[in-house]
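First up is the structure itself, then whatever we jot down about it.
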Amino acid sequence: MALKLDLTGLLGDSAMREAMTAAMPRAIAARDMHHAQAPRWRRLPQERQFLESCQQRAAAVKAAGPVEVFVVLGIGGSALGNTAMIHALAPVFQEWKPAAGQPRVFILDNVDPDWLGAFFEDVPMDKAHINVISKSGGTIETSSQFLLAWQHMLAACNGDETAARARFTLTTDDANGHFRKIADDLGFSTLSVPDGVGGRFSVLSPVGLFTAVMAGLDAEGLLAGAERVDQKLAAAQPEQDAALMYALAHVLHMEAGRNVHVQFAYSHRLRSMADWFKQLWAESLGKRHNLKGEEVHVGPTPSKAVGPTDQHSQSQLYVEGPDDKVYTILKLDRFEKEVEVPAPFTSSAAFAPLLGRSLNELMEQERRGTEVALLEAGRPVCVLELCKLDAFHVGQYFMMMEIATAYAGHMMGIDPFDQPGVEAGKIAALALMGCEGYEQRAAEIEARFAERTPLVLSC
Ligand code: PA5
């Protein structure tokens, strides 16, 4: 039962190994800084009150009536961990065939009118529970989703506000923000986004745990896996700290010009772990200023690929294009199912290599083929293996990547926990939507758009 990180292909030649050794003091300083900061997200597995609050809320929700559909409304850190977890741990086609007795789960992290419009036209609101997640309570996408869901729920409840409210949970800050005030004023039930835990580090708080409990996933296992990594890394010597070595190798490769960090998931069910990682790595490490306030404009560009699908889309670039990438292959030691390829119905050479083989073997040999092609082209590749696809290993993955991100940020001399660039976009959207107090900003932005003259291809 382990998460295994094989860094061999990332350390490559002796020059890289020497660079790693020389940079160890920097890595140790980053690790010390992380331990001195003792961020709350690292302690979440021990803060049992959060799981208990989710279990109590889930029990109350389920006792009040059947829940066939569980809907998460939120964006960014409020959604991506939920999606990663559901894709990894719920039945593969859970949206139409959930586990027995469990609701179908939908995580809506966009305001696309075609998507949201179609969803609310069809979803049986009288059998739904809606979890609106926003730490700040000021994210316009989530606010608009909330209003839409409320309107549909109220209609489903024949205008009975008390009944409609019972089908909502607001997951938000305990003390601050618009959603906190709405919940307090109107009597919505709430769950906590703990103080000091930013969105992209919140999957092991009620942000992810409530979904896990409502979907019947092993929330205890998730926390146990995360706790195991927390303890193991805390006790490890720096050279044995997998998150530290992962972060250091990536930072050094980045400084040597390998700025694109690809997570290549050889598992359909792990595909959204790579999306979760993308946000964590990008939002935490892409920064304009360093801690001294100097303008540095640093940060890796995380990227996602799924094998073998993207072998037929990206591999040409990866193997022969610019040497500006670092690869993490995500793999499973074994898949849940063993699927034999049926015997050929004709003697075509197309089928010959498949005779007596399984999809499991094919997947693994494709993965190995990709790894070796990258290595032989001199591209740095590491392999992160989950011995089993269960909550324990997913919890380990979440915690390891969060710690690696914090370490990388400290090594880079930036603050991995803020996101001023995201806030800038949020403010621009508020201004353009006519929010009071942002008139000047709105005028500046509109003036920019007015300058554009698009090329028209057809009428
Ligand atoms: O990681 C983050 O902090 C962000 O991605 C937020 O999660 C995202 O912007 C949504 O914010 P909120 O939860 O406040 O609605």
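Scheme for the structure tokens: letters A, B, ... for chains in order shown; per-chain residue numbers from 1; ligand numbers from 1 in order shown.
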Counting only C-alpha atoms and all ligand atoms, which residues in chain A sit no more than 6 Å from ligand 1? For each one, give the nearest pair of atoms and the distance in Å, sorted by chain then residue number, as JSON lines.
```
{"residue": "A:Ile75", "atom": "CA", "partner": "ligand 1", "partner_atom_place_in_ligand_line": "10 (C)", "distance": 5.1}
{"residue": "A:Gly76", "atom": "CA", "partner": "ligand 1", "partner_atom_place_in_ligand_line": "5 (O)", "distance": 3.8}
{"residue": "A:Gly77", "atom": "CA", "partner": "ligand 1", "partner_atom_place_in_ligand_line": "7 (O)", "distance": 3.3}
{"residue": "A:Ser78", "atom": "CA", "partner": "ligand 1", "partner_atom_place_in_ligand_line": "7 (O)", "distance": 4.8}
{"residue": "A:Ser134", "atom": "CA", "partner": "ligand 1", "partner_atom_place_in_ligand_line": "13 (O)", "distance": 3.4}
{"residue": "A:Lys135", "atom": "CA", "partner": "ligand 1", "partner_atom_place_in_ligand_line": "13 (O)", "distance": 3.9}
{"residue": "A:Ser136", "atom": "CA", "partner": "ligand 1", "partner_atom_place_in_ligand_line": "14 (O)", "distance": 3.6}
{"residue": "A:Gly137", "atom": "CA", "partner": "ligand 1", "partner_atom_place_in_ligand_line": "14 (O)", "distance": 5.6}
{"residue": "A:Thr139", "atom": "CA", "partner": "ligand 1", "partner_atom_place_in_ligand_line": "15 (O)", "distance": 4.5}
{"residue": "A:Gly198", "atom": "CA", "partner": "ligand 1", "partner_atom_place_in_ligand_line": "3 (O)", "distance": 5.0}
{"residue": "A:Gly199", "atom": "CA", "partner": "ligand 1", "partner_atom_place_in_ligand_line": "7 (O)", "distance": 3.6}
{"residue": "A:Arg200", "atom": "CA", "partner": "ligand 1", "partner_atom_place_in_ligand_line": "1 (O)", "distance": 3.7}
```
Surrounding residues of range 152-162 of chain A excluding itself and chain neighbours under 2 positions, 12 Å, only C-alpha atoms, as a PDB file with N, CA and C atoms, in the first residue's frame:
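Result written to selection22.pdb:
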```pdb
ATOM      1  N   LEU A 116     -25.009  24.941 -18.122  1.00  0.00           N
ATOM      2  CA  LEU A 116     -25.843  25.161 -16.927  1.00  0.00           C
ATOM      3  C   LEU A 116     -27.320  25.166 -17.283  1.00  0.00           C
ATOM      4  N   GLY A 117     -27.632  25.807 -18.401  1.00  0.00           N
ATOM      5  CA  GLY A 117     -29.034  25.886 -18.820  1.00  0.00           C
ATOM      6  C   GLY A 117     -29.601  24.488 -19.022  1.00  0.00           C
ATOM      7  N   PHE A 119     -28.440  21.682 -17.866  1.00  0.00           N
ATOM      8  CA  PHE A 119     -28.428  20.917 -16.611  1.00  0.00           C
ATOM      9  C   PHE A 119     -29.685  21.204 -15.793  1.00  0.00           C
ATOM     10  N   PHE A 120     -29.954  22.492 -15.587  1.00  0.00           N
ATOM     11  CA  PHE A 120     -31.091  22.829 -14.715  1.00  0.00           C
ATOM     12  C   PHE A 120     -32.445  22.567 -15.378  1.00  0.00           C
ATOM     13  N   GLU A 121     -32.435  22.453 -16.700  1.00  0.00           N
ATOM     14  CA  GLU A 121     -33.696  22.059 -17.361  1.00  0.00           C
ATOM     15  C   GLU A 121     -34.057  20.618 -17.014  1.00  0.00           C
ATOM     16  N   ASP A 122     -33.036  19.788 -16.868  1.00  0.00           N
ATOM     17  CA  ASP A 122     -33.301  18.347 -16.775  1.00  0.00           C
ATOM     18  C   ASP A 122     -33.139  17.737 -15.403  1.00  0.00           C
ATOM     19  N   VAL A 123     -32.344  18.373 -14.541  1.00  0.00           N
ATOM     20  CA  VAL A 123     -32.024  17.704 -13.267  1.00  0.00           C
ATOM     21  C   VAL A 123     -33.266  17.649 -12.361  1.00  0.00           C
ATOM     22  N   PRO A 124     -33.538  16.520 -11.720  1.00  0.00           N
ATOM     23  CA  PRO A 124     -34.696  16.447 -10.834  1.00  0.00           C
ATOM     24  C   PRO A 124     -34.379  17.143  -9.501  1.00  0.00           C
ATOM     25  N   MET A 125     -34.695  18.427  -9.429  1.00  0.00           N
ATOM     26  CA  MET A 125     -34.295  19.221  -8.263  1.00  0.00           C
ATOM     27  C   MET A 125     -34.926  18.704  -6.967  1.00  0.00           C
ATOM     28  N   ASP A 126     -36.113  18.095  -7.086  1.00  0.00           N
ATOM     29  CA  ASP A 126     -36.760  17.606  -5.857  1.00  0.00           C
ATOM     30  C   ASP A 126     -36.040  16.396  -5.267  1.00  0.00           C
ATOM     31  N   LYS A 127     -35.037  15.875  -6.019  1.00  0.00           N
ATOM     32  CA  LYS A 127     -34.252  14.755  -5.470  1.00  0.00           C
ATOM     33  C   LYS A 127     -32.765  15.134  -5.429  1.00  0.00           C
ATOM     34  N   ALA A 128     -32.506  16.459  -5.473  1.00  0.00           N
ATOM     35  CA  ALA A 128     -31.112  16.915  -5.531  1.00  0.00           C
ATOM     36  C   ALA A 128     -30.696  17.582  -4.227  1.00  0.00           C
ATOM     37  N   HIS A 129     -29.396  17.531  -3.963  1.00  0.00           N
ATOM     38  CA  HIS A 129     -28.833  18.379  -2.910  1.00  0.00           C
ATOM     39  C   HIS A 129     -27.706  19.197  -3.536  1.00  0.00           C
ATOM     40  N   ILE A 130     -27.689  20.479  -3.190  1.00  0.00           N
ATOM     41  CA  ILE A 130     -26.744  21.409  -3.830  1.00  0.00           C
ATOM     42  C   ILE A 130     -25.744  21.885  -2.781  1.00  0.00           C
ATOM     43  N   GLN A 145     -24.311  30.777 -10.263  1.00  0.00           N
ATOM     44  CA  GLN A 145     -24.789  29.383 -10.209  1.00  0.00           C
ATOM     45  C   GLN A 145     -25.763  29.199  -9.045  1.00  0.00           C
ATOM     46  N   PHE A 146     -25.403  29.807  -7.919  1.00  0.00           N
ATOM     47  CA  PHE A 146     -26.226  29.708  -6.706  1.00  0.00           C
ATOM     48  C   PHE A 146     -27.633  30.260  -6.991  1.00  0.00           C
ATOM     49  N   LEU A 147     -27.676  31.417  -7.620  1.00  0.00           N
ATOM     50  CA  LEU A 147     -28.981  32.038  -7.905  1.00  0.00           C
ATOM     51  C   LEU A 147     -29.825  31.153  -8.819  1.00  0.00           C
ATOM     52  N   LEU A 148     -29.137  30.600  -9.822  1.00  0.00           N
ATOM     53  CA  LEU A 148     -29.848  29.743 -10.771  1.00  0.00           C
ATOM     54  C   LEU A 148     -30.394  28.496 -10.067  1.00  0.00           C
ATOM     55  N   ALA A 149     -29.535  27.883  -9.265  1.00  0.00           N
ATOM     56  CA  ALA A 149     -29.947  26.664  -8.554  1.00  0.00           C
ATOM     57  C   ALA A 149     -31.091  26.976  -7.592  1.00  0.00           C
ATOM     58  N   TRP A 150     -30.997  28.115  -6.931  1.00  0.00           N
ATOM     59  CA  TRP A 150     -32.044  28.492  -5.967  1.00  0.00           C
ATOM     60  C   TRP A 150     -33.392  28.651  -6.663  1.00  0.00           C
ATOM     61  N   ALA A 164     -36.769  24.395   0.257  1.00  0.00           N
ATOM     62  CA  ALA A 164     -35.695  24.631  -0.714  1.00  0.00           C
ATOM     63  C   ALA A 164     -34.348  24.780   0.009  1.00  0.00           C
ATOM     64  N   ARG A 165     -34.359  25.555   1.094  1.00  0.00           N
ATOM     65  CA  ARG A 165     -33.112  25.776   1.840  1.00  0.00           C
ATOM     66  C   ARG A 165     -32.519  24.463   2.355  1.00  0.00           C
ATOM     67  N   ALA A 166     -33.393  23.547   2.752  1.00  0.00           N
ATOM     68  CA  ALA A 166     -32.909  22.266   3.293  1.00  0.00           C
ATOM     69  C   ALA A 166     -32.139  21.468   2.244  1.00  0.00           C
ATOM     70  N   ARG A 167     -32.357  21.802   0.972  1.00  0.00           N
ATOM     71  CA  ARG A 167     -31.661  21.084  -0.090  1.00  0.00           C
ATOM     72  C   ARG A 167     -30.367  21.798  -0.516  1.00  0.00           C
ATOM     73  N   PHE A 168     -29.923  22.735   0.301  1.00  0.00           N
ATOM     74  CA  PHE A 168     -28.659  23.434   0.044  1.00  0.00           C
ATOM     75  C   PHE A 168     -27.719  23.302   1.238  1.00  0.00           C
ATOM     76  N   LEU A 186     -30.156  34.089   6.418  1.00  0.00           N
ATOM     77  CA  LEU A 186     -31.310  33.353   5.874  1.00  0.00           C
ATOM     78  C   LEU A 186     -31.445  31.933   6.407  1.00  0.00           C
ATOM     79  N   GLY A 187     -30.446  31.493   7.169  1.00  0.00           N
ATOM     80  CA  GLY A 187     -30.582  30.180   7.806  1.00  0.00           C
ATOM     81  C   GLY A 187     -30.207  28.994   6.938  1.00  0.00           C
ATOM     82  N   PHE A 188     -29.262  29.186   6.023  1.00  0.00           N
ATOM     83  CA  PHE A 188     -28.745  28.024   5.283  1.00  0.00           C
ATOM     84  C   PHE A 188     -27.788  27.242   6.185  1.00  0.00           C
ATOM     85  N   SER A 189     -27.778  25.930   6.036  1.00  0.00           N
ATOM     86  CA  SER A 189     -26.782  25.117   6.747  1.00  0.00           C
ATOM     87  C   SER A 189     -25.427  25.311   6.094  1.00  0.00           C
TER      88      SER A 189
END
```
Selection near Val326 in chain A, 12 Å with only C-alpha atoms, sequence-local residues under 5 positions removed, as a PyMOL selection string: chain A and resi 7+9-12+246-247+249-264+300-304+318-319+371+374-375+378-383
Residue list (alpha helix (DSSP H), DSSP) for range 21-224 of chain A, as a PyMOL selection string: chain A and resi 21-22+24-37+40-43+48-64+80-89+113-122+140-156+161-166+178-186+206-214+219-224
Å distance separating CA of Arg368 in chain A from CA of Met16 in chain A, one decimal place: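 We find that CA of Arg368 in chain A and CA of Met16 in chain A lie 22.8 Å from each other.
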CA of Leu291 in chain A to CA of Ala408 in chain A, distance in Å rounded to a single decimal: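 Going from CA of Leu291 in chain A over to CA of Ala408 in chain A covers 13.6 Å.
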Can you build me a table of range 167-193 of chain A residues sitting at most 10 Å from range 37-59 of chain A, with the closest atom pair per residue and its distance in Å to one decimal, using only C-alpha atoms, sorted by chain and residue number, as a tab-separated table?
```
residue	atom	partner	partner_atom	distance
A:Thr169	CA	A:Arg57	CA	8.6
A:Ser189	CA	A:Arg57	CA	8.4
A:Thr190	CA	A:Arg57	CA	8.7
A:Leu191	CA	A:Ser53	CA	7.2
A:Ser192	CA	A:Phe50	CA	7.6
A:Val193	CA	A:Phe50	CA	9.2
```
Please identify every residue of range 80-199 of chain A that has at least one atom no farther than 12 Å from an atom of range 222-233 of chain A, counting only C-alpha atoms, and for each give the shortest atom pair and the distance in Å to one decimal, arranged by chain then increasing number, as JSON lines.
```
{"residue": "A:Met85", "atom": "CA", "partner": "A:Leu222", "partner_atom": "CA", "distance": 9.5}
{"residue": "A:Ala88", "atom": "CA", "partner": "A:Leu222", "partner_atom": "CA", "distance": 11.8}
{"residue": "A:Leu89", "atom": "CA", "partner": "A:Leu222", "partner_atom": "CA", "distance": 10.4}
```
A:Asp390, A:Leu285, A:Thr21, A:Asp114 ranked by distance to Arg334 in chain A, top pick (using only C-alpha atoms): A:Asp390
Exercise: Ile107 in chain A partners within 8 Å, only C-alpha atoms, chain neighbours under 3 positions left out, as a PyMOL selection string: chain A and resi 71-74+79+82-83
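The smallest atom-to-atom distance between Thr8 in chain A and any of A:Val339, A:Leu384, A:Ala23, A:Ala215, using only C-alpha atoms, is found for A:Leu384.
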Computed interatomic separation between CA of His393 in chain A and CA of Gly208 in chain A (Å):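 Value for the CA of His393 in chain A-CA of Gly208 in chain A distance: 15.3 Å.
Among the candidates A:Val67, A:Ile86, A:Ala450, A:Ala406, the one nearest to Leu248 in chain A when counting only C-alpha atoms is A:Ala406.
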Best match for closeness to Met399 in chain A among A:Ala2, A:Leu108, A:Pro98, A:Ala243, counting only C-alpha atoms: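 Of the candidates, the smallest distance to Met399 in chain A is held by A:Ala243.
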From A:Asn290, A:Thr211, A:Ser144, A:Ser267, residue lying nearest Glu364 in chain A [only C-alpha atoms]: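 For Glu364 in chain A, the nearest of the candidates is A:Ser267.
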Within 8 Å of Gly286 in chain A using only C-alpha atoms, minus same-chain residues under 2 positions, as a list in words: Trp281, Ala282, Glu283, Ser284, Arg288, His297, Val298, Gly299 and Pro300 of chain A
Could the residues in this selection be saved with N, CA, C and O atoms as a short mmCIF file (atom, residue, chain, number, x, y, z; two decimals), in the first residue's frame?
```cif
data_model
loop_
_atom_site.label_atom_id
_atom_site.label_comp_id
_atom_site.auth_asym_id
_atom_site.auth_seq_id
_atom_site.Cartn_x
_atom_site.Cartn_y
_atom_site.Cartn_z
N TRP A 281 -0.12 23.80 -9.09
CA TRP A 281 1.25 24.16 -9.50
C TRP A 281 1.26 25.56 -10.13
O TRP A 281 2.12 26.38 -9.84
N ALA A 282 0.27 25.83 -10.99
CA ALA A 282 0.26 27.12 -11.72
C ALA A 282 -0.05 28.28 -10.79
O ALA A 282 0.65 29.30 -10.78
N GLU A 283 -1.11 28.13 -10.01
CA GLU A 283 -1.56 29.26 -9.20
C GLU A 283 -0.61 29.51 -8.03
O GLU A 283 -0.46 30.63 -7.56
N SER A 284 0.03 28.44 -7.58
CA SER A 284 0.94 28.61 -6.44
C SER A 284 2.30 29.15 -6.88
O SER A 284 2.92 29.92 -6.14
N ARG A 288 4.47 37.20 -10.09
CA ARG A 288 5.15 38.39 -10.61
C ARG A 288 6.27 38.85 -9.67
O ARG A 288 7.35 39.25 -10.11
N HIS A 297 8.48 37.56 -12.42
CA HIS A 297 7.68 36.84 -13.42
C HIS A 297 8.16 35.40 -13.60
O HIS A 297 8.62 35.01 -14.67
N VAL A 298 8.06 34.62 -12.54
CA VAL A 298 8.51 33.23 -12.60
C VAL A 298 7.32 32.28 -12.61
O VAL A 298 6.19 32.67 -12.30
N GLY A 299 7.63 31.04 -12.91
CA GLY A 299 6.62 29.98 -12.75
C GLY A 299 6.65 28.98 -13.87
O GLY A 299 6.87 29.33 -15.03
N PRO A 300 6.41 27.73 -13.51
CA PRO A 300 6.31 26.68 -14.52
C PRO A 300 4.94 26.69 -15.16
O PRO A 300 3.98 27.18 -14.57
#
```
